[in-house]
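Listing of structure31.txt; format and content: compact mmCIF, C-alpha atoms.
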```txt
# COMPACT_ATOMS: atom_id res chain seq x y z
CA MET U 271 -20.41 97.86 81.17
CA SER U 272 -19.43 94.28 80.69
CA ILE U 273 -16.31 92.61 79.43
CA GLY U 274 -15.95 89.55 77.23
CA TRP U 275 -14.28 88.39 74.08
CA PRO U 276 -14.85 85.99 71.20
CA ARG U 277 -12.92 82.75 71.34
CA ARG U 278 -11.21 80.55 68.80
CA TYR U 279 -10.67 77.57 71.04
CA ARG U 280 -9.64 74.42 69.25
CA TRP U 281 -9.86 72.00 72.09
CA ARG U 282 -8.26 68.62 71.42
CA ARG U 283 -8.27 65.31 73.24
CA SER U 284 -5.42 65.07 75.73
CA LEU U 285 -2.59 62.59 75.26
CA LEU U 286 -1.31 63.02 78.79
CA LEU U 287 -2.96 59.95 80.28
CA ALA U 288 -1.00 57.54 78.11
CA THR U 289 2.25 59.33 78.95
CA LEU U 290 1.63 59.46 82.67
CA ALA U 291 0.66 55.78 82.74
CA LEU U 292 4.25 54.94 81.82
CA LEU U 293 5.68 56.74 84.83
CA LEU U 294 6.58 55.03 88.08
CA GLU U 295 3.87 55.67 90.65
CA GLY U 296 4.85 58.02 93.45
CA THR U 297 8.51 58.13 92.37
CA LEU U 298 10.61 61.14 91.50
CA ILE U 299 12.06 60.25 88.11
CA GLY U 300 12.97 63.63 86.68
CA ARG U 301 15.39 66.41 87.48
CA VAL U 302 15.35 70.14 88.09
CA THR U 303 16.41 71.85 84.89
CA GLY U 304 18.23 75.10 84.25
CA ALA U 305 16.36 77.89 82.54
CA GLY U 306 18.39 77.48 79.37
CA ALA U 307 17.61 73.80 78.85
CA GLU U 308 14.58 71.89 77.66
CA PRO U 309 12.41 70.70 80.55
CA ASP U 310 12.77 67.04 81.43
CA LEU U 311 9.77 65.44 79.74
CA ALA U 312 9.52 62.65 82.33
CA ALA U 313 9.32 65.30 85.04
CA HIS U 314 8.59 64.75 88.68
CA VAL U 315 5.52 62.65 89.34
CA VAL U 316 3.56 63.76 92.36
CA ARG U 317 0.68 61.88 93.97
CA ALA U 318 -1.71 64.49 95.28
CA ARG U 319 -5.16 64.69 96.82
CA LEU U 320 -7.42 67.70 96.67
CA PRO U 321 -7.42 69.85 99.81
CA ASN U 322 -11.00 68.83 100.59
CA GLU U 323 -9.92 65.16 100.79
CA GLN U 324 -12.76 64.05 98.56
CA PRO U 325 -12.98 60.30 97.95
CA GLY U 326 -11.36 58.71 94.95
CA PRO U 327 -7.87 57.79 93.76
CA ALA U 328 -5.00 60.23 94.15
CA ARG U 329 -4.33 62.40 91.13
CA ARG U 330 -0.85 62.20 89.66
CA ILE U 331 0.62 65.40 88.26
CA GLY U 332 3.90 65.92 86.42
CA ILE U 333 6.03 68.85 87.52
CA HIS U 334 8.78 70.55 85.51
CA VAL U 335 11.09 73.05 87.20
CA TRP U 336 13.00 75.96 85.67
CA LEU U 337 15.70 77.77 87.70
CA PRO U 338 17.62 80.96 86.93
CA SER U 339 20.59 80.14 84.71
CA GLY U 340 22.69 82.92 86.26
CA PRO U 341 23.09 84.71 89.58
CA VAL U 342 20.00 86.43 90.99
CA THR U 343 19.86 88.56 94.12
CA GLY U 344 16.95 88.85 96.50
CA PRO U 345 14.01 86.49 97.05
CA LEU U 346 13.10 83.70 94.62
CA PRO U 347 9.30 83.55 94.54
CA PRO U 348 7.70 80.52 92.87
CA LEU U 349 5.59 80.80 89.73
CA VAL U 350 3.23 77.96 88.77
CA TYR U 351 2.23 77.48 85.12
CA ALA U 352 -1.16 75.91 84.27
CA HIS U 353 -1.38 74.79 80.63
CA GLY U 354 -4.32 74.85 78.24
CA TRP U 355 -6.74 72.06 77.41
CA GLY U 356 -4.84 69.04 76.12
CA GLY U 357 -1.52 70.87 76.46
CA ARG U 358 1.62 70.37 78.49
CA ALA U 359 3.76 72.55 80.71
CA ARG U 360 6.35 72.93 77.96
CA GLU U 361 3.87 74.69 75.63
CA ASN U 362 5.13 78.06 76.93
CA ALA U 363 8.70 76.98 77.70
CA ASP U 364 10.33 80.11 76.25
CA LEU U 365 8.26 82.38 78.48
CA LEU U 366 8.90 80.20 81.54
CA ARG U 367 12.65 80.12 80.95
CA SER U 368 12.67 83.91 80.58
CA LEU U 369 10.80 84.41 83.85
CA ALA U 370 13.11 82.00 85.67
CA ASP U 371 16.13 84.02 84.55
CA GLN U 372 14.53 87.14 86.02
CA GLY U 373 14.48 85.72 89.52
CA PHE U 374 11.73 83.11 89.89
CA VAL U 375 11.53 79.39 90.55
CA VAL U 376 9.11 78.31 87.84
CA ILE U 377 7.18 75.06 88.04
CA GLY U 378 4.99 73.84 85.21
CA ILE U 379 2.30 71.24 85.79
CA ASP U 380 1.28 68.42 83.45
CA PHE U 381 -2.32 67.85 84.53
CA PRO U 382 -3.91 64.40 84.32
CA ALA U 383 -6.16 63.87 81.32
CA PRO U 384 -9.60 65.42 81.94
CA GLY U 385 -12.56 63.15 82.44
CA PHE U 386 -14.29 64.38 79.28
CA ALA U 387 -13.14 64.98 75.71
CA GLY U 388 -13.33 68.75 75.44
CA LEU U 389 -15.39 71.91 75.64
CA ASP U 390 -18.40 71.67 73.36
CA PHE U 391 -20.38 74.81 72.53
CA ARG U 392 -22.12 73.62 69.37
CA SER U 393 -25.53 74.14 70.96
CA GLU U 394 -27.00 75.73 74.07
CA LEU U 395 -27.60 72.32 75.65
CA ALA U 396 -24.01 71.28 74.91
CA GLY U 397 -22.81 74.58 76.32
CA GLN U 398 -24.71 74.08 79.56
CA ARG U 399 -23.31 70.57 79.96
CA THR U 400 -19.80 71.79 79.17
CA ARG U 401 -19.99 74.51 81.79
CA LEU U 402 -21.00 71.98 84.45
CA LEU U 403 -18.18 69.61 83.52
CA ALA U 404 -15.69 72.47 83.26
CA GLU U 405 -16.53 73.60 86.79
CA VAL U 406 -15.51 70.18 88.11
CA GLU U 407 -12.29 70.12 86.09
CA VAL U 408 -11.37 73.67 87.13
CA ARG U 409 -11.61 72.70 90.80
CA LEU U 410 -9.49 69.60 90.20
CA GLN U 411 -6.77 71.57 88.45
CA ALA U 412 -6.87 74.28 91.13
CA GLY U 413 -6.23 71.52 93.67
CA ASP U 414 -3.30 70.35 91.54
CA ILE U 415 -1.82 73.87 91.62
CA GLN U 416 -2.08 73.88 95.41
CA ALA U 417 -0.53 70.41 95.55
CA ALA U 418 2.39 71.64 93.41
CA LEU U 419 3.03 74.44 95.89
CA ASP U 420 2.88 71.90 98.73
CA TRP U 421 5.42 69.77 96.86
CA LEU U 422 7.73 72.74 96.33
CA ALA U 423 7.61 73.63 100.02
CA ASP U 424 8.61 70.08 100.98
CA THR U 425 10.17 67.61 98.54
CA GLY U 426 10.91 70.17 95.85
CA ARG U 427 12.80 72.46 98.20
CA ALA U 428 15.32 69.71 98.89
CA LEU U 429 16.14 69.51 95.19
CA LEU U 430 17.14 73.17 94.88
CA PRO U 431 20.77 74.32 95.07
CA GLY U 432 21.84 75.32 98.57
CA ASP U 433 22.45 78.95 97.65
CA ARG U 434 18.83 79.33 96.53
CA VAL U 435 16.76 77.17 98.81
CA ASP U 436 16.88 79.68 101.68
CA ARG U 437 15.53 82.44 99.43
CA LEU U 438 12.51 80.44 98.25
CA ASP U 439 9.19 81.41 99.81
CA PRO U 440 6.30 79.13 98.72
CA HIS U 441 3.91 81.49 100.55
CA LEU U 442 4.65 84.26 98.04
CA ALA U 443 3.59 82.60 94.79
CA GLY U 444 2.23 83.63 91.43
CA VAL U 445 0.26 81.58 88.89
CA ILE U 446 0.19 81.84 85.10
CA GLY U 447 -2.63 80.16 83.21
CA TYR U 448 -3.09 79.81 79.48
CA SER U 449 -6.60 79.20 78.10
CA PHE U 450 -8.38 76.73 80.41
CA GLY U 451 -5.39 77.06 82.73
CA GLY U 452 -6.38 80.69 83.26
CA ALA U 453 -9.60 79.52 84.91
CA ALA U 454 -7.67 77.02 87.07
CA ALA U 455 -5.24 79.78 88.11
CA ALA U 456 -8.09 82.05 89.20
CA GLU U 457 -9.83 79.21 91.06
CA ALA U 458 -6.62 78.38 92.91
CA ALA U 459 -6.11 82.03 93.89
CA SER U 460 -9.64 82.12 95.28
CA ALA U 461 -8.83 79.20 97.60
CA ASP U 462 -5.18 79.71 98.52
CA ARG U 463 -3.69 82.80 100.17
CA ARG U 464 -0.19 81.77 99.12
CA ILE U 465 -1.05 82.94 95.61
CA ARG U 466 -0.33 86.68 95.42
CA ALA U 467 -0.63 87.34 91.67
CA VAL U 468 -2.49 85.77 88.72
CA LEU U 469 -1.73 86.18 85.00
CA ASN U 470 -4.43 84.90 82.63
CA LEU U 471 -3.36 84.32 79.03
CA ASP U 472 -6.56 84.42 76.95
CA GLY U 473 -8.65 82.20 79.20
CA TRP U 474 -12.34 82.23 80.11
CA LEU U 475 -13.10 82.46 83.84
CA PHE U 476 -15.63 79.71 84.46
CA GLY U 477 -17.86 80.13 87.44
CA ASN U 478 -20.66 82.16 88.93
CA PRO U 479 -20.25 85.83 87.92
CA ALA U 480 -21.46 86.77 91.42
CA ALA U 481 -18.74 84.71 93.12
CA PRO U 482 -16.37 86.70 95.36
CA VAL U 483 -13.26 87.95 93.62
CA PHE U 484 -9.84 86.95 94.91
CA SER U 485 -7.64 89.59 96.50
CA ALA U 486 -4.46 88.96 94.50
CA PRO U 487 -3.52 91.38 91.70
CA TYR U 488 -4.83 90.15 88.35
CA MET U 489 -3.60 90.63 84.79
CA VAL U 490 -5.27 89.36 81.63
CA ILE U 491 -3.61 89.40 78.21
CA THR U 492 -6.02 88.64 75.39
CA ASP U 493 -7.14 89.68 71.93
CA SER U 494 -10.12 91.80 73.00
CA LEU U 495 -12.19 92.70 76.02
CA ASP U 496 -15.15 93.90 74.01
CA PRO U 497 -18.49 92.33 74.97
CA PRO U 498 -20.49 90.21 72.54
CA SER U 499 -22.99 92.19 70.52
CA ALA U 500 -26.76 91.85 70.84
CA LYS U 501 -26.73 90.46 67.32
CA ALA U 502 -24.29 87.71 68.33
CA LEU U 503 -26.38 86.82 71.38
CA ALA U 504 -29.50 86.47 69.23
CA GLY U 505 -27.87 84.94 66.16
CA GLY U 506 -29.35 82.05 64.25
CA ASP U 507 -26.27 79.85 64.24
CA PRO U 508 -26.40 77.69 67.43
CA GLY U 509 -22.65 77.40 67.82
CA ARG U 510 -21.91 81.10 67.46
CA ARG U 511 -24.82 82.03 69.69
CA THR U 512 -23.65 79.62 72.39
CA HIS U 513 -20.14 81.05 72.24
CA ALA U 514 -21.61 84.52 72.65
CA ILE U 515 -23.61 83.35 75.67
CA GLN U 516 -20.42 81.98 77.23
CA ASP U 517 -18.66 85.28 76.48
CA ALA U 518 -21.45 87.19 78.21
CA GLN U 519 -21.34 84.92 81.28
CA ASP U 520 -17.60 85.33 81.47
CA SER U 521 -17.69 89.10 81.01
CA ASP U 522 -19.17 90.00 84.40
CA ARG U 523 -16.64 87.94 86.30
CA GLN U 524 -13.73 89.38 84.29
CA LEU U 525 -14.82 92.94 84.97
CA ARG U 526 -15.50 92.32 88.66
CA GLN U 527 -12.07 90.77 89.10
CA LEU U 528 -10.27 93.53 87.23
CA ARG U 529 -12.07 96.19 89.25
CA SER U 530 -10.58 94.77 92.44
CA GLY U 531 -7.12 95.66 91.11
CA GLY U 532 -5.90 94.56 87.72
CA PHE U 533 -4.44 95.15 84.30
CA ALA U 534 -5.72 94.25 80.85
CA ILE U 535 -3.54 94.12 77.74
CA GLU U 536 -5.41 93.62 74.48
CA ILE U 537 -3.70 92.50 71.27
CA PRO U 538 -6.46 92.64 68.63
CA HIS U 539 -4.53 90.84 65.89
CA ALA U 540 -3.65 87.83 68.07
CA THR U 541 -5.04 84.32 67.67
CA HIS U 542 -5.76 82.12 70.66
CA GLU U 543 -2.70 79.97 69.90
CA SER U 544 -0.47 83.06 70.02
CA PHE U 545 -0.70 83.02 73.80
CA SER U 546 0.56 79.44 74.13
CA GLY U 547 3.99 80.10 72.68
CA ALA U 548 3.00 78.29 69.51
CA GLY U 549 2.11 81.49 67.64
CA GLY U 550 4.46 82.76 64.99
CA ASP U 551 4.35 86.49 65.78
CA PRO U 552 7.52 87.48 67.70
CA GLU U 553 6.01 90.83 68.71
CA ILE U 554 3.15 89.10 70.53
CA ARG U 555 5.61 86.91 72.41
CA SER U 556 7.62 90.02 73.27
CA VAL U 557 4.54 91.83 74.60
CA ILE U 558 3.57 88.85 76.78
CA SER U 559 7.10 88.44 78.12
CA ALA U 560 7.51 92.14 78.97
CA TYR U 561 4.20 92.49 80.80
CA ALA U 562 4.52 89.14 82.59
CA ALA U 563 7.99 90.04 83.87
CA ALA U 564 6.91 93.49 85.06
CA PHE U 565 3.72 92.20 86.69
CA PHE U 566 5.38 89.45 88.72
CA ALA U 567 8.44 91.56 89.59
CA ARG U 568 6.14 94.20 91.05
CA SER U 569 3.73 91.79 92.75
CA LEU U 570 6.19 89.23 94.13
CA ARG U 571 9.71 90.68 94.15
CA GLY U 572 8.86 94.17 95.39
CA SER U 573 10.01 95.96 92.26
CA ALA U 574 9.01 99.61 91.91
CA ALA U 575 8.80 99.33 88.14
CA GLU U 576 5.68 100.91 86.69
CA ILE U 577 3.23 98.79 84.72
CA SER U 578 1.83 100.96 81.97
CA GLU U 579 1.53 101.27 78.22
CA ALA U 580 5.24 102.15 78.28
CA THR U 581 6.12 98.65 79.52
CA HIS U 582 6.05 97.55 75.89
CA PRO U 583 5.33 100.56 73.65
CA SER U 584 3.40 99.44 70.60
CA PRO U 585 0.56 100.95 68.57
CA ARG U 586 -0.83 97.41 68.18
CA ILE U 587 -1.85 96.94 71.81
CA ARG U 588 -4.34 98.50 74.22
CA PHE U 589 -3.48 98.88 77.89
CA ARG U 590 -5.99 99.33 80.73
CA ALA U 591 -5.47 99.54 84.48
CA TRP U 592 -7.86 99.47 87.42
CA PRO U 593 -6.71 100.82 90.81
CA HIS U 594 -6.57 98.16 93.47
CA SER U 595 -9.86 97.28 95.23
CA ALA U 596 -11.82 100.25 93.88
CA GLU U 597 -15.21 99.01 92.70
CA GLY U 598 -16.11 102.26 91.04
CA ALA U 599 -12.59 103.25 90.06
CA THR U 600 -11.74 105.36 87.07
CA LEU U 601 -10.61 103.31 84.08
CA PHE U 602 -7.38 104.44 82.51
CA ALA U 603 -7.26 103.43 78.87
CA ARG U 604 -5.36 104.47 75.78
CA PRO U 605 -7.68 104.85 72.78
CA LEU U 606 -7.40 102.22 70.07
CA ALA U 607 -8.51 102.56 66.48
CA THR U 608 -12.23 101.77 66.30
CA SER U 609 -11.73 99.62 63.24
CA ALA U 610 -9.25 97.41 65.08
CA ILE U 611 -11.63 96.94 68.01
CA MET U 612 -14.57 96.12 65.76
CA ALA U 613 -12.54 93.69 63.68
CA SER U 614 -11.55 91.85 66.86
CA SER U 615 -15.07 91.81 68.26
CA ARG U 616 -16.45 90.17 65.13
CA ARG U 617 -14.19 87.14 65.41
CA ILE U 618 -16.14 84.11 66.64
CA SER U 619 -14.66 80.96 68.15
CA ARG U 620 -14.34 77.95 65.99
```
Just give me the structure of the file as structure tokens.
Amino acid sequence: MSIGWPRRYRWRRSLLLATLALLLEGTLIGRVTGAGAEPDLAAHVVRARLPNEQPGPARRIGIHVWLPSGPVTGPLPPLVYAHGWGGRARENADLLRSLADQGFVVIGIDFPAPGFAGLDFRSELAGQRTRLLAEVEVRLQAGDIQAALDWLADTGRALLPGDRVDRLDPHLAGVIGYSFGGAAAAEAASADRRIRAVLNLDGWLFGNPAAPVFSAPYMVITDSLDPPSAKALAGGDPGRRTHAIQDAQDSDRQLRQLRSGGFAIEIPHATHESFSGAGGDPEIRSVISAYAAAFFARSLRGSAAEISEATHPSPRIRFRAWPHSAEGATLFARPLATSAIMASSRRISR
């Protein structure tokens, strides 16, 4: 069995570089914001190097911070948000505010502009080149996530209110990634033991399918986990065939990671943009919010709340769970109408 899904990525050229160029180098010029307010768009500018100290100029990342707007008891674990290609941390601001109010210190990263225009799967050659470039970018963004946790443990801690700073534990962190950010979140979890939970919002996992899985609990929320069909893999259209090849490469890694302990929530009617907060379907946003809150509360705050299909009862979703670290574990799944699954599996990325 393999897992994969069609994509509708509409990658666009990032505008972040022009914005970040206007910021003062190495200077904190933003503020920590409450969960009920818009994030400060100037943000905190952090000069960071990758953990491997590779040569080259320091990368500058913007950091936005959301805090609970009301009283919260118990620990305040950090959550890091990694945005999609060409996006910004504020793209999922409603979700991040909601999670902050439920007892988390949420930091969203504005990544530097990537070194190439976008992900190109118009042909097999373009797909191969894109995968190589994406691997480099994923590692860079994973380093940025680690740098953001370093910042929170040091400079960022000093900016928190006194009644909350003592309850912050940067070594008990979760990461949320949308789209390309989902790959960066997984890469960071593979390299950093501080990351104890990963939520992937409709993102491919770039990398070698045989690579070791990370030990942190994993949740993916997407439109479908159905593998590409043999017809799609052998299709005559180069772009669709290349997308199917990428789906197939991704499928093994998704399944291997989920088998180590994970949850999958499928929303067949969703578009890729629905997972960024830009989608117009309030039910999809409600599903994402409910499962994200339950997942991180259980993984990071020690909640005993069950994560199941009852977390957000809806006939429009499919819930699956894999017991932790059981390679051959039994798959628990609620049946979904065959027509809905097939309709989702036929959608091809544009």
What is the atom CA of Arg329 of chain U to atom CA of Arg463 of chain U distance in Å?
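Interatomic distance here is 22.3 Å.
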Atom CA of Asp507 of chain U to atom CA of Asp493 of chain U, distance in Å rounded to a single decimal:
22.8 Å
Write out as a tab-separated table the residues of segment 357-412 of chain U that have any atom within 8 Å of an atom of segment 469-490 of chain U, one row each with the nearest atom pair and its distance in Å to one decimal, counting all atoms listed in the file, sorted by chain and then rising number.
```
residue	atom	partner	partner_atom	distance
U:Arg401	CA	U:Phe476	CA	7.3
U:Ala404	CA	U:Phe476	CA	7.3
U:Glu405	CA	U:Phe476	CA	6.6
U:Val408	CA	U:Phe476	CA	7.9
```
Using all atoms listed in the file, which residue out of U:Ile491, U:Leu389, U:Leu525, U:Ala461 lies closest to Ile446 of chain U?
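Smallest distance to Ile446 of chain U is found for U:Ile491.
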For atom CA of Ile331 of chain U and atom CA of Phe381 of chain U, quote the distance in Å rounded to one decimal.
5.3 Å
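Among U:Glu457, U:Pro347, U:Ile333, U:Gly373, the residue with the shortest atom-to-atom distance to Thr425 of chain U, counting only C-alpha atoms, is U:Ile333.
With distances restricted to all atoms listed in the file, U:His594 is the closest residue to Gly531 of chain U from U:Ala514, U:Ala453, U:His594, U:Leu442.
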Excluding segment 563-577 of chain U and its own-chain neighbours fewer than 6 positions away, which residues fall within 10 Å of it when counting all atoms listed in the file? Please give them as a PyMOL selection string.
chain U and resi 344-349+365+368-370+372-374+442-446+465-469+486-489+532-533+589+591
Between U:Thr492, U:Trp336, U:Asp420, U:Pro341, which one has atoms that come closest to Ser546 of chain U, using only C-alpha atoms?
U:Thr492
